[in-house]
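As provided, work19.cif (mmCIF, C-alpha atoms (C1' of nucleotides)) reads as follows.
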data_target
loop_
_atom_site.label_atom_id
_atom_site.label_comp_id
_atom_site.auth_asym_id
_atom_site.auth_seq_id
_atom_site.Cartn_x
_atom_site.Cartn_y
_atom_site.Cartn_z
CA MET A 14 22.04 -38.79 40.97
CA LYS A 15 22.93 -39.89 44.47
CA THR A 16 25.87 -37.76 45.60
CA ARG A 17 28.59 -40.29 45.99
CA SER A 18 30.16 -40.25 49.41
CA THR A 19 33.30 -38.13 49.24
CA ASN A 20 34.24 -39.13 52.75
CA PRO A 21 34.12 -42.91 53.25
CA PRO A 22 34.27 -44.41 56.76
CA GLY A 23 37.85 -45.59 56.32
CA ARG A 24 39.01 -42.09 55.50
CA ILE A 25 37.30 -40.66 58.55
CA LYS A 26 38.76 -43.34 60.79
CA ILE A 27 42.26 -42.63 59.52
CA MET A 28 42.01 -38.93 60.27
CA LYS A 29 40.53 -39.60 63.67
CA ALA A 30 43.32 -42.09 64.38
CA LEU A 31 46.09 -39.60 63.63
CA SER A 32 44.33 -37.02 65.76
CA THR A 33 44.16 -39.44 68.67
CA LEU A 34 47.79 -40.46 68.34
CA MET A 35 48.95 -36.83 68.14
CA GLU A 36 47.61 -36.28 71.64
CA LYS A 37 50.44 -38.37 73.04
CA LYS A 38 53.19 -38.32 70.42
CA ASP A 39 54.71 -36.04 67.84
CA PHE A 40 53.99 -36.54 64.16
CA ASP A 41 57.48 -37.66 63.39
CA SER A 42 57.42 -40.61 65.74
CA ILE A 43 53.99 -41.82 64.68
CA THR A 44 54.31 -44.54 62.05
CA THR A 45 51.89 -45.26 59.24
CA SER A 46 51.34 -48.77 60.55
CA GLU A 47 50.48 -47.28 63.92
CA ILE A 48 47.91 -44.99 62.31
CA ALA A 49 46.44 -47.91 60.38
CA SER A 50 46.11 -50.18 63.39
CA GLU A 51 44.61 -47.37 65.50
CA ALA A 52 42.10 -46.77 62.71
CA GLY A 53 41.42 -50.48 62.27
CA VAL A 54 42.33 -50.45 58.58
CA THR A 55 45.34 -51.50 56.56
CA GLU A 56 48.32 -49.30 55.80
CA GLY A 57 47.58 -49.25 52.11
CA LEU A 58 44.27 -47.49 52.59
CA ILE A 59 46.00 -44.39 53.89
CA TYR A 60 47.53 -43.97 50.46
CA LYS A 61 44.18 -44.38 48.76
CA TYR A 62 42.92 -41.21 50.40
CA PHE A 63 46.08 -39.22 51.02
CA LYS A 64 49.05 -38.47 48.84
CA ASP A 65 51.48 -39.19 51.64
CA LYS A 66 51.77 -39.07 55.41
CA LYS A 67 52.20 -35.31 55.44
CA ASP A 68 49.18 -34.77 53.22
CA LEU A 69 47.12 -36.53 55.87
CA LEU A 70 48.44 -34.05 58.41
CA TYR A 71 47.51 -31.09 56.22
CA LYS A 72 44.00 -32.42 55.72
CA LEU A 73 43.58 -32.83 59.46
CA LEU A 74 44.73 -29.26 60.01
CA GLU A 75 42.36 -28.08 57.29
CA ASP A 76 39.40 -29.66 59.05
CA HIS A 77 40.29 -28.16 62.39
CA PHE A 78 40.96 -24.75 60.90
CA GLN A 79 37.64 -24.61 59.10
CA LEU A 80 35.80 -24.83 62.41
CA PHE A 81 38.19 -22.34 63.97
CA GLN A 82 37.64 -19.75 61.25
CA LYS A 83 33.87 -20.02 61.76
CA LYS A 84 34.30 -19.27 65.45
CA ILE A 85 36.46 -16.28 64.64
CA ASP A 86 33.96 -14.92 62.12
CA ALA A 87 31.12 -15.37 64.59
CA SER A 88 33.03 -13.65 67.38
CA ILE A 89 33.65 -10.44 65.42
CA SER A 90 30.30 -10.30 63.65
CA GLY A 91 28.60 -8.11 66.25
CA LYS A 92 31.43 -5.66 66.85
CA THR A 93 32.12 -2.45 64.98
CA ASN A 94 35.09 -1.01 66.87
CA ALA A 95 38.49 -2.28 65.69
CA ILE A 96 39.87 -2.54 69.22
CA GLU A 97 36.90 -4.61 70.31
CA LYS A 98 37.32 -6.88 67.30
CA LEU A 99 40.98 -7.47 68.02
CA GLU A 100 40.10 -8.18 71.62
CA VAL A 101 37.71 -10.98 70.76
CA ILE A 102 40.02 -12.39 68.12
CA ILE A 103 42.83 -12.64 70.63
CA ASN A 104 40.53 -14.22 73.17
CA THR A 105 38.87 -16.63 70.75
CA SER A 106 42.19 -17.71 69.27
CA LEU A 107 43.74 -18.41 72.64
CA GLU A 108 40.66 -20.30 73.70
CA SER A 109 40.51 -22.48 70.60
CA TRP A 110 44.20 -23.25 70.56
CA THR A 111 44.44 -24.19 74.19
CA LYS A 112 41.24 -26.20 74.06
CA SER A 113 42.39 -28.30 71.14
CA LYS A 114 46.06 -28.95 71.78
CA VAL A 115 46.36 -31.30 68.83
CA PHE A 116 45.18 -28.58 66.47
CA ALA A 117 47.59 -26.08 67.99
CA LYS A 118 50.45 -28.57 67.91
CA ILE A 119 49.96 -29.24 64.22
CA LEU A 120 49.63 -25.56 63.41
CA LEU A 121 52.46 -24.18 65.53
CA LEU A 122 54.95 -27.01 65.73
CA GLU A 123 54.57 -29.57 62.98
CA VAL A 124 53.58 -28.29 59.56
CA ARG A 125 55.72 -25.19 59.35
CA SER A 126 58.93 -27.01 58.60
CA TYR A 127 57.50 -28.81 55.58
CA PRO A 128 57.88 -26.82 52.35
CA ASP A 129 54.89 -28.37 50.62
CA TYR A 130 52.61 -27.25 53.44
CA TYR A 131 52.77 -23.79 51.94
CA LYS A 132 51.10 -25.16 48.83
CA SER A 133 48.30 -26.85 50.78
CA ARG A 134 44.70 -25.75 51.19
CA ALA A 135 45.26 -25.63 54.93
CA TYR A 136 47.81 -22.87 54.45
CA GLU A 137 45.38 -20.95 52.26
CA LEU A 138 42.93 -20.95 55.16
CA ILE A 139 45.54 -19.69 57.59
CA LYS A 140 46.26 -16.83 55.24
CA VAL A 141 42.57 -15.92 55.37
CA TYR A 142 42.81 -15.76 59.15
CA ALA A 143 45.90 -13.55 59.05
CA LYS A 144 44.20 -11.34 56.49
CA THR A 145 41.17 -10.99 58.75
CA VAL A 146 43.38 -9.50 61.44
CA ALA A 147 45.23 -7.31 58.97
CA THR A 148 42.00 -5.94 57.51
CA ILE A 149 40.58 -5.07 60.92
CA ILE A 150 43.74 -3.14 61.70
CA LYS A 151 43.75 -1.28 58.38
CA GLN A 152 40.13 -0.29 58.82
CA GLY A 153 40.78 0.65 62.44
CA VAL A 154 43.54 2.99 61.35
CA ALA A 155 41.25 4.47 58.69
CA THR A 156 38.36 5.09 61.08
CA GLY A 157 40.59 6.38 63.85
CA ASP A 158 39.97 3.53 66.28
CA ILE A 159 43.70 2.92 66.06
CA LYS A 160 46.47 5.52 66.04
CA LYS A 161 47.03 7.02 62.60
CA ASP A 162 50.77 6.33 62.43
CA THR A 163 50.41 2.59 63.13
CA ASP A 164 52.15 0.26 60.71
CA HIS A 165 49.49 -2.35 60.08
CA GLN A 166 51.87 -5.08 58.90
CA THR A 167 53.96 -4.88 62.03
CA LEU A 168 50.94 -4.76 64.30
CA THR A 169 49.52 -7.86 62.63
CA LYS A 170 52.76 -9.68 63.30
CA ILE A 171 52.87 -8.57 66.92
CA ILE A 172 49.34 -9.77 67.59
CA LEU A 173 49.72 -13.12 65.82
CA GLY A 174 53.12 -13.61 67.40
CA ALA A 175 51.82 -12.84 70.87
CA ILE A 176 48.94 -15.31 70.52
CA GLU A 177 51.23 -18.04 69.29
CA HIS A 178 53.93 -17.53 71.84
CA ALA A 179 51.41 -17.42 74.65
CA CYS A 180 50.18 -20.87 73.62
CA LEU A 181 53.53 -22.46 72.90
CA GLY A 182 54.69 -23.20 76.42
CA ASP A 183 51.37 -24.68 77.31
CA ILE A 184 51.20 -26.90 74.26
CA ILE A 185 54.71 -28.19 74.72
CA PHE A 186 54.57 -28.79 78.43
CA GLU A 187 50.86 -29.50 78.58
CA ARG A 188 50.17 -26.98 81.25
CA ASP A 189 46.87 -25.20 81.46
CA ILE A 190 46.84 -21.46 81.19
CA ASP A 191 44.55 -18.72 82.36
CA ILE A 192 43.23 -17.53 79.01
CA ASP A 193 41.34 -14.55 80.35
CA HIS A 194 44.34 -13.32 82.28
CA ILE A 195 46.70 -13.63 79.34
CA SER A 196 44.37 -12.23 76.70
CA LYS A 197 43.50 -9.27 78.91
CA ASN A 198 47.18 -8.55 79.47
CA ILE A 199 48.04 -8.88 75.81
CA CYS A 200 45.32 -6.38 74.97
CA LYS A 201 46.29 -3.97 77.71
CA THR A 202 49.93 -4.01 76.67
CA ILE A 203 49.38 -3.62 72.96
CA PHE A 204 46.57 -1.12 73.23
CA LYS A 205 47.91 1.14 75.96
CA GLY A 206 51.66 0.53 75.69
CA ILE A 207 54.10 -0.04 78.52
CA GLN A 208 55.83 3.28 78.86
CA PRO A 209 54.66 5.30 81.85
CA MET B 21 99.58 -32.75 79.32
CA LYS B 22 98.47 -32.00 75.80
CA THR B 23 94.71 -31.31 75.84
CA ARG B 24 93.20 -33.96 73.66
CA SER B 25 91.13 -32.57 70.84
CA THR B 26 87.52 -32.58 71.84
CA ASN B 27 86.48 -31.53 68.36
CA PRO B 28 88.11 -33.69 65.69
CA PRO B 29 88.11 -32.64 62.01
CA GLY B 30 85.50 -35.20 61.06
CA ARG B 31 83.07 -33.88 63.63
CA ILE B 32 83.55 -30.32 62.45
CA LYS B 33 83.07 -31.33 58.82
CA ILE B 34 79.83 -33.12 59.63
CA MET B 35 78.35 -30.08 61.37
CA LYS B 36 79.49 -27.79 58.60
CA ALA B 37 77.96 -30.17 56.06
CA LEU B 38 74.54 -30.13 57.68
CA SER B 39 74.68 -26.36 57.93
CA THR B 40 75.47 -26.09 54.23
CA LEU B 41 72.71 -28.49 53.23
CA MET B 42 70.17 -26.69 55.41
CA GLU B 43 70.62 -23.57 53.31
CA LYS B 44 68.81 -25.26 50.44
CA LYS B 45 66.70 -28.00 52.02
CA ASP B 46 64.73 -28.73 55.15
CA PHE B 47 66.13 -31.07 57.79
CA ASP B 48 63.60 -33.75 57.08
CA SER B 49 64.59 -34.20 53.47
CA ILE B 50 68.32 -34.26 54.14
CA THR B 51 69.58 -37.82 54.46
CA THR B 52 72.43 -39.05 56.59
CA SER B 53 74.23 -40.33 53.51
CA GLU B 54 73.90 -36.89 51.98
CA ILE B 55 75.42 -35.31 55.07
CA ALA B 56 78.25 -37.84 55.03
CA SER B 57 79.10 -37.34 51.38
CA GLU B 58 78.94 -33.54 51.71
CA ALA B 59 81.31 -33.83 54.67
CA GLY B 60 83.58 -36.31 52.88
CA VAL B 61 83.26 -38.93 55.62
CA THR B 62 81.35 -42.16 56.03
CA GLU B 63 77.84 -42.38 57.41
CA GLY B 64 78.97 -44.34 60.43
CA LEU B 65 81.12 -41.50 61.70
CA ILE B 66 78.06 -39.34 62.28
CA TYR B 67 76.96 -41.83 64.91
CA LYS B 68 80.37 -41.77 66.57
CA TYR B 69 79.92 -38.12 67.43
CA PHE B 70 76.16 -37.74 67.61
CA LYS B 71 73.51 -39.86 69.22
CA ASP B 72 71.26 -39.61 66.19
CA LYS B 73 70.42 -37.32 63.33
CA LYS B 74 68.42 -34.97 65.54
CA ASP B 75 71.20 -34.73 68.11
CA LEU B 76 73.40 -33.39 65.34
CA LEU B 77 70.79 -30.71 64.70
CA TYR B 78 70.68 -29.72 68.37
CA LYS B 79 74.46 -29.43 68.52
CA LEU B 80 74.45 -27.20 65.46
CA LEU B 81 71.83 -24.97 67.05
CA GLU B 82 73.83 -24.90 70.27
CA ASP B 83 76.90 -23.60 68.45
CA HIS B 84 74.94 -20.89 66.66
CA PHE B 85 73.12 -19.86 69.79
CA GLN B 86 76.28 -19.49 71.81
CA LEU B 87 77.50 -16.78 69.46
CA PHE B 88 74.06 -15.19 69.41
CA GLN B 89 73.88 -14.95 73.20
CA LYS B 90 77.27 -13.22 73.24
CA LYS B 91 76.00 -10.60 70.82
CA ILE B 92 72.92 -10.05 72.96
CA ASP B 93 74.97 -9.66 76.12
CA ALA B 94 77.30 -7.22 74.41
CA SER B 95 74.42 -5.17 73.04
CA ILE B 96 72.83 -4.53 76.43
CA SER B 97 76.03 -4.13 78.41
CA GLY B 98 76.20 -0.34 78.06
CA LYS B 99 72.54 0.45 78.67
CA THR B 100 70.87 1.11 81.98
CA ASN B 101 67.30 1.96 80.96
CA ALA B 102 64.99 -1.04 80.51
CA ILE B 103 63.30 0.38 77.43
CA GLU B 104 66.65 0.96 75.78
CA LYS B 105 67.73 -2.58 76.62
CA LEU B 106 64.60 -4.07 75.11
CA GLU B 107 65.12 -1.92 72.05
CA VAL B 108 68.58 -3.28 71.35
CA ILE B 109 67.54 -6.84 72.12
CA ILE B 110 64.74 -6.63 69.58
CA ASN B 111 67.06 -5.11 67.03
CA THR B 112 69.96 -7.49 67.64
CA SER B 113 67.70 -10.54 67.58
CA LEU B 114 66.07 -9.56 64.31
CA GLU B 115 69.46 -8.81 62.82
CA SER B 116 71.01 -12.13 63.86
CA TRP B 117 68.06 -14.23 62.81
CA THR B 118 67.68 -12.69 59.40
CA LYS B 119 71.41 -12.72 58.77
CA SER B 120 71.76 -16.41 59.50
CA LYS B 121 68.68 -18.03 57.99
CA VAL B 122 69.92 -21.53 58.77
CA PHE B 123 70.14 -20.69 62.45
CA ALA B 124 66.67 -19.14 62.43
CA LYS B 125 65.22 -22.04 60.48
CA ILE B 126 66.51 -24.56 62.99
CA LEU B 127 65.35 -22.50 65.94
CA LEU B 128 61.91 -21.48 64.70
CA LEU B 129 60.87 -24.29 62.38
CA GLU B 130 62.74 -27.50 62.94
CA VAL B 131 63.59 -28.37 66.53
CA ARG B 132 60.40 -27.37 68.29
CA SER B 133 58.42 -30.37 67.23
CA TYR B 134 60.92 -32.85 68.64
CA PRO B 135 60.27 -33.68 72.30
CA ASP B 136 63.87 -34.53 73.14
CA TYR B 137 64.96 -31.08 72.02
CA TYR B 138 63.57 -29.80 75.31
CA LYS B 139 66.13 -31.93 77.12
CA SER B 140 69.06 -30.65 75.04
CA ARG B 141 71.71 -28.15 76.01
CA ALA B 142 70.57 -25.97 73.11
CA TYR B 143 67.20 -25.52 74.76
CA GLU B 144 68.88 -24.61 78.03
CA LEU B 145 70.63 -21.77 76.23
CA ILE B 146 67.40 -20.52 74.73
CA LYS B 147 65.89 -20.42 78.19
CA VAL B 148 68.76 -18.18 79.27
CA TYR B 149 67.91 -15.82 76.43
CA ALA B 150 64.24 -15.73 77.40
CA LYS B 151 65.22 -15.17 81.00
CA THR B 152 67.42 -12.25 79.99
CA VAL B 153 64.39 -10.52 78.49
CA ALA B 154 62.19 -11.40 81.46
CA THR B 155 64.72 -10.04 83.94
CA ILE B 156 65.09 -6.75 82.10
CA ILE B 157 61.32 -6.34 82.20
CA LYS B 158 61.06 -7.19 85.89
CA GLN B 159 63.79 -4.71 86.76
CA GLY B 160 62.22 -2.13 84.46
CA VAL B 161 58.95 -2.43 86.32
CA ALA B 162 60.78 -2.15 89.64
CA THR B 163 62.74 0.97 88.66
CA GLY B 164 59.76 2.61 86.99
CA ASP B 165 61.14 2.50 83.44
CA ILE B 166 58.10 0.39 82.64
CA LYS B 167 54.52 0.92 83.83
CA LYS B 168 53.93 -0.48 87.30
CA ASP B 169 50.91 -2.62 86.39
CA THR B 170 52.71 -4.50 83.59
CA ASP B 171 52.54 -8.30 83.72
CA HIS B 172 56.13 -9.27 83.02
CA GLN B 173 55.35 -12.80 81.84
CA THR B 174 52.89 -11.61 79.23
CA LEU B 175 55.16 -8.83 78.05
CA THR B 176 58.03 -11.30 77.62
CA LYS B 177 55.82 -13.46 75.45
CA ILE B 178 54.66 -10.52 73.36
CA ILE B 179 58.21 -9.40 72.66
CA LEU B 180 59.59 -12.85 71.87
CA GLY B 181 56.51 -13.65 69.81
CA ALA B 182 56.78 -10.43 67.84
CA ILE B 183 60.45 -11.03 67.04
CA GLU B 184 59.77 -14.58 65.90
CA HIS B 185 56.74 -13.80 63.83
CA ALA B 186 58.50 -10.92 62.16
CA CYS B 187 61.23 -13.29 60.99
CA LEU B 188 59.05 -16.21 60.02
CA GLY B 189 57.75 -15.01 56.66
CA ASP B 190 61.19 -14.02 55.59
CA ILE B 191 62.79 -17.29 56.56
CA ILE B 192 60.13 -19.34 54.85
CA PHE B 193 59.92 -17.38 51.64
CA GLU B 194 63.51 -16.17 51.69
CA ARG B 195 62.62 -12.56 51.34
CA ASP B 196 64.78 -9.83 52.78
CA ILE B 197 63.26 -7.55 55.35
CA ASP B 198 63.94 -4.04 56.55
CA ILE B 199 65.14 -4.80 60.06
CA ASP B 200 65.33 -1.20 61.18
CA HIS B 201 61.82 -0.47 60.00
CA ILE B 202 60.33 -3.51 61.70
CA SER B 203 62.24 -3.25 64.95
CA LYS B 204 61.39 0.45 65.22
CA ASN B 205 57.72 -0.29 64.67
CA ILE B 206 57.68 -3.17 67.13
CA CYS B 207 59.17 -0.88 69.77
CA LYS B 208 56.85 2.00 68.99
CA THR B 209 53.78 -0.23 69.19
CA ILE B 210 54.69 -2.04 72.36
CA PHE B 211 56.12 0.97 74.16
CA LYS B 212 53.51 3.58 73.26
CA GLY B 213 50.48 1.43 72.48
CA ILE B 214 48.10 1.78 69.58
CA GLN B 215 45.09 3.45 71.13
CA PRO B 216 44.77 7.12 70.27
"C1'" DA C 11 111.97 -51.71 71.96
"C1'" DA C 12 108.04 -54.25 72.54
"C1'" DT C 13 103.44 -53.87 74.15
"C1'" DA C 14 99.15 -52.13 75.21
"C1'" DG C 15 95.76 -48.71 74.65
"C1'" DT C 16 93.13 -45.04 72.53
"C1'" DG C 17 91.08 -41.89 69.14
"C1'" DA C 18 89.60 -41.27 64.34
"C1'" DG C 19 87.65 -43.39 60.80
"C1'" DT C 20 85.68 -47.22 57.48
"C1'" DA C 21 82.75 -50.91 55.50
"C1'" DA C 22 79.11 -53.58 55.40
"C1'" DG C 23 75.08 -55.04 57.11
"C1'" DG C 24 70.25 -54.94 59.86
"C1'" DT C 25 65.81 -52.98 60.83
"C1'" DT C 26 62.29 -50.11 60.34
"C1'" DT C 27 59.23 -47.25 57.74
"C1'" DA C 28 57.04 -44.84 54.11
"C1'" DC C 29 55.07 -45.95 50.08
"C1'" DT C 30 53.45 -49.16 45.78
"C1'" DT C 31 51.32 -52.57 43.22
"C1'" DA C 32 48.30 -56.21 42.45
"C1'" DC C 33 44.40 -58.13 43.93
"C1'" DC C 34 39.41 -58.83 46.13
"C1'" DA C 35 34.46 -58.15 46.95
"C1'" DA C 36 30.34 -55.95 47.07
"C1'" DA C 37 27.11 -52.73 45.10
"C1'" DC C 38 25.11 -51.09 41.17
"C1'" DA C 39 24.29 -49.83 36.20
"C1'" DA C 40 23.62 -51.57 31.51
"C1'" DT D 19 24.27 -61.61 33.25
"C1'" DT D 20 28.11 -58.80 32.96
"C1'" DG D 21 30.99 -54.81 33.44
"C1'" DT D 22 32.44 -50.90 36.30
"C1'" DT D 23 33.15 -48.26 40.16
"C1'" DT D 24 34.13 -47.91 45.13
"C1'" DG D 25 36.05 -49.33 49.54
"C1'" DG D 26 39.25 -52.07 51.12
"C1'" DT D 27 43.26 -55.79 51.70
"C1'" DA D 28 47.88 -58.06 51.51
"C1'" DA D 29 52.27 -58.53 50.36
"C1'" DG D 30 56.28 -56.55 48.81
"C1'" DT D 31 60.10 -52.75 47.81
"C1'" DA D 32 63.37 -49.23 48.23
"C1'" DA D 33 65.59 -46.41 51.11
"C1'" DA D 34 66.63 -44.15 55.33
"C1'" DC D 35 68.46 -44.46 59.91
"C1'" DC D 36 71.32 -46.66 62.77
"C1'" DT D 37 74.73 -50.64 64.49
"C1'" DT D 38 78.46 -53.71 64.67
"C1'" DA D 39 82.81 -55.34 63.68
"C1'" DC D 40 86.88 -53.98 62.10
"C1'" DT D 41 91.43 -51.07 60.67
"C1'" DC D 42 95.02 -47.91 61.11
"C1'" DA D 43 97.86 -44.37 63.17
"C1'" DC D 44 99.65 -42.54 67.09
"C1'" DT D 45 100.93 -42.30 72.15
"C1'" DA D 46 102.22 -43.93 76.68
"C1'" DT D 47 104.28 -47.34 79.56
"C1'" DT D 48 107.21 -50.67 81.16
#

Here is a file; write its structure as C-alpha cells.
Amino acid sequence: MKTRSTNPPGRIKIMKALSTLMEKKDFDSITTSEIASEAGVTEGLIYKYFKDKKDLLYKLLEDHFQLFQKKIDASISGKTNAIEKLEVIINTSLESWTKSKVFAKILLLEVRSYPDYYKSRAYELIKVYAKTVATIIKQGVATGDIKKDTDHQTLTKIILGAIEHACLGDIIFERDIDIDHISKNICKTIFKGIQP
Amino acid sequence: MKTRSTNPPGRIKIMKALSTLMEKKDFDSITTSEIASEAGVTEGLIYKYFKDKKDLLYKLLEDHFQLFQKKIDASISGKTNAIEKLEVIINTSLESWTKSKVFAKILLLEVRSYPDYYKSRAYELIKVYAKTVATIIKQGVATGDIKKDTDHQTLTKIILGAIEHACLGDIIFERDIDIDHISKNICKTIFKGIQP
DNA sequence: AATAGTGAGTAAGGTTTACTTACCAAACAA
DNA sequence: TTGTTTGGTAAGTAAACCTTACTCACTATT
C-alpha cells in the first residue's frame, strides 16, 4: 500500500503563505483571500485542510514548535548538572525565538487569546516544553544542584517569564538583541541573586 | 462656564458593557451588536465615541491601568530601600492582576497582538509602569541596595516577566492563586538566587 | 422670542471577510 | 469501462464591522 500523501502541495503552500504574511502583518489583519492568493490557491482549499483560520495558525505553530523542541532536547542531552541544563535551555530558547520572529509572534502574541488554542496539539507540545524545565528544576533540587528550599513551580514561572519578556520587545519592535548578553545576565541574576 | 460632560452616559455604558462581556468571553468573539445591546444603546453610538472596536478596548485598559498605577505609586511611597520597593511592586501587581481578571486579560492576552495598541495612550501608561521598576533598580544599584554588577535592563525584564507569567495560568484557566506564596517565592529567588 | 448651533443618540444601509456548498478533473482500483 | 478517492475550483452566504444620514433635546445669541 502506497502511503497516501498526508501533506499535499496545496496544504504546504497555504501554511508557507501564512508564515510569509505574518512576517509583515499581524494575524488579525491577514485575510483568508490574502492567504489564498499568496499561496496561489483558492480560498476554499484552506477549509479543506483546516477547520478554520485559527486552526491554520495552530498547525503552523505546531510545526515550528516540533523543531524547537528537538533543539531543546539536543541542547540538554550532554549535560548532567541542573544549572548547566537551565543555562542552555535559556540560551537555546532565546536564540530560537529571536531567530524565527514569526514563530515567536504566534507563540507569545497571537494564540494565547484564543480559548480553543488550549485544546490544540500545539498547546500540548508547549506543555511538554514547560514540563521539561520543571523536571530539571525538581531533579536539581533533589540532587542539590539547586537550593533545597526552592519552590520549583515559582522558579519555572520566573525562567519562562524571563525568556518571554526578554524576547517581547524585540519581536514587537523588530529590534535585534544580544542573546548572549541577555541569557548570561538572566542566568547570573537567577542563579546568584541580586542582593549583595 | 459649565464644564461640558466629556463622558456622556452612553459612553460609560458602552465601556461597562464590554467589561462585563469580557468576564465570560474573549474580545474576538464579542460582537459590536452584543456590546450595544448589553449597553442598551445602538451599534452606531460605539463609533461616535470610539474609532473602532479595538480603540474601545484600549480605552478600557487605559481606565483600569490608571487606577493600577495609583496603587503602585501609593505602595512604594513609604519605602526607601530598593529591595523593599520591588517587593511591594511584585505583591501589588500580582494582587491587582488576579483581582481584576478582565484587566489582566486585556493587558496580557488581548492587546499585545494589535500593532496600533503601541500607539495608544494605554501603552504609554504601561511604559510608565515599566520605567518605575527600571528606575528603582537603577537607584538600588547606585545606592548599593542591589549588587553593583547587576544589569538593570535584564533585571527589569525578569521581574516583569515573572509577574506576568505567574498570573497567566490563573487568568486563562480561572484558577485562584496564593498571591502571598508566589510573590514571596519570586522575591526570595530573585533576591537570594538559587545556587547553594 | 426666534434662530442657530451643538451634543447625544438612532436607524438603516454598505462592505468586507470568514466560511460553505456544489461542482470538476485526474488518477487509480475493480 | 466504470466507480471512487483525492486535490482543487468557483460562486455564493451570513454576519460582523463600520458609515452615513437623520432626529431630538437643550443651550446660547441676537

A:Glu177 environment, 10 Å, all atoms listed in the file, sequence neighbours closer than 5 positions dropped, as a PDB file with C-alpha atoms, in the coordinates of the input:
ATOM      1  CA  SER A 106      42.190 -17.710  69.270  1.00  0.00           C
ATOM      2  CA  LEU A 107      43.740 -18.410  72.640  1.00  0.00           C
ATOM      3  CA  TRP A 110      44.200 -23.250  70.560  1.00  0.00           C
ATOM      4  CA  ALA A 117      47.590 -26.080  67.990  1.00  0.00           C
ATOM      5  CA  LEU A 120      49.630 -25.560  63.410  1.00  0.00           C
ATOM      6  CA  LEU A 121      52.460 -24.180  65.530  1.00  0.00           C
ATOM      7  CA  ILE A 171      52.870  -8.570  66.920  1.00  0.00           C
ATOM      8  CA  ILE A 172      49.340  -9.770  67.590  1.00  0.00           C
ATOM      9  CA  GLY A 182      54.690 -23.200  76.420  1.00  0.00           C
TER      10      GLY A 182
ATOM     11  CA  LYS B 177      55.820 -13.460  75.450  1.00  0.00           C
ATOM     12  CA  ILE B 178      54.660 -10.520  73.360  1.00  0.00           C
ATOM     13  CA  GLY B 181      56.510 -13.650  69.810  1.00  0.00           C
ATOM     14  CA  ALA B 182      56.780 -10.430  67.840  1.00  0.00           C
ATOM     15  CA  GLU B 184      59.770 -14.580  65.900  1.00  0.00           C
ATOM     16  CA  HIS B 185      56.740 -13.800  63.830  1.00  0.00           C
TER      17      HIS B 185
END

Problem - Selection result for the PyMOL selection byres ((chain B and resi 59) around 9) on this file, as an NGL selection string - result: :B and (30 or 32-38 or 54-58 or 60-62)

Could you write those residues out with C-alpha atoms, as a PDB file, keeping the file's coordinate frame?
ATOM      1  CA  GLY B  30      85.500 -35.200  61.060  1.00  0.00           C
ATOM      2  CA  ILE B  32      83.550 -30.320  62.450  1.00  0.00           C
ATOM      3  CA  LYS B  33      83.070 -31.330  58.820  1.00  0.00           C
ATOM      4  CA  ILE B  34      79.830 -33.120  59.630  1.00  0.00           C
ATOM      5  CA  MET B  35      78.350 -30.080  61.370  1.00  0.00           C
ATOM      6  CA  LYS B  36      79.490 -27.790  58.600  1.00  0.00           C
ATOM      7  CA  ALA B  37      77.960 -30.170  56.060  1.00  0.00           C
ATOM      8  CA  LEU B  38      74.540 -30.130  57.680  1.00  0.00           C
ATOM      9  CA  GLU B  54      73.900 -36.890  51.980  1.00  0.00           C
ATOM     10  CA  ILE B  55      75.420 -35.310  55.070  1.00  0.00           C
ATOM     11  CA  ALA B  56      78.250 -37.840  55.030  1.00  0.00           C
ATOM     12  CA  SER B  57      79.100 -37.340  51.380  1.00  0.00           C
ATOM     13  CA  GLU B  58      78.940 -33.540  51.710  1.00  0.00           C
ATOM     14  CA  GLY B  60      83.580 -36.310  52.880  1.00  0.00           C
ATOM     15  CA  VAL B  61      83.260 -38.930  55.620  1.00  0.00           C
ATOM     16  CA  THR B  62      81.350 -42.160  56.030  1.00  0.00           C
TER      17      THR B  62
END

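The gap separating atom CA of B:Pro29 from atom C1' of D:DT37 is 22.6 Å, in Å to one decimal.
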
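From atom CA of A:Ile159 back to atom CA of A:Ser196, the distance works out to 18.5 Å.
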
For the contact check between chain C and chain B, emit one row per residue of chain C within 10 Å, containing the shortest atom pair and the distance in Å rounded to one decimal, counting all atoms listed in the file, chain then rising number order, as CSV.
residue,atom,partner,partner_atom,distance
C:DG17,C1',B:Arg24,CA,9.4
C:DA18,C1',B:Pro28,CA,7.8
C:DG19,C1',B:Leu65,CA,6.9
C:DT20,C1',B:Thr62,CA,6.8
C:DA21,C1',B:Thr62,CA,8.9
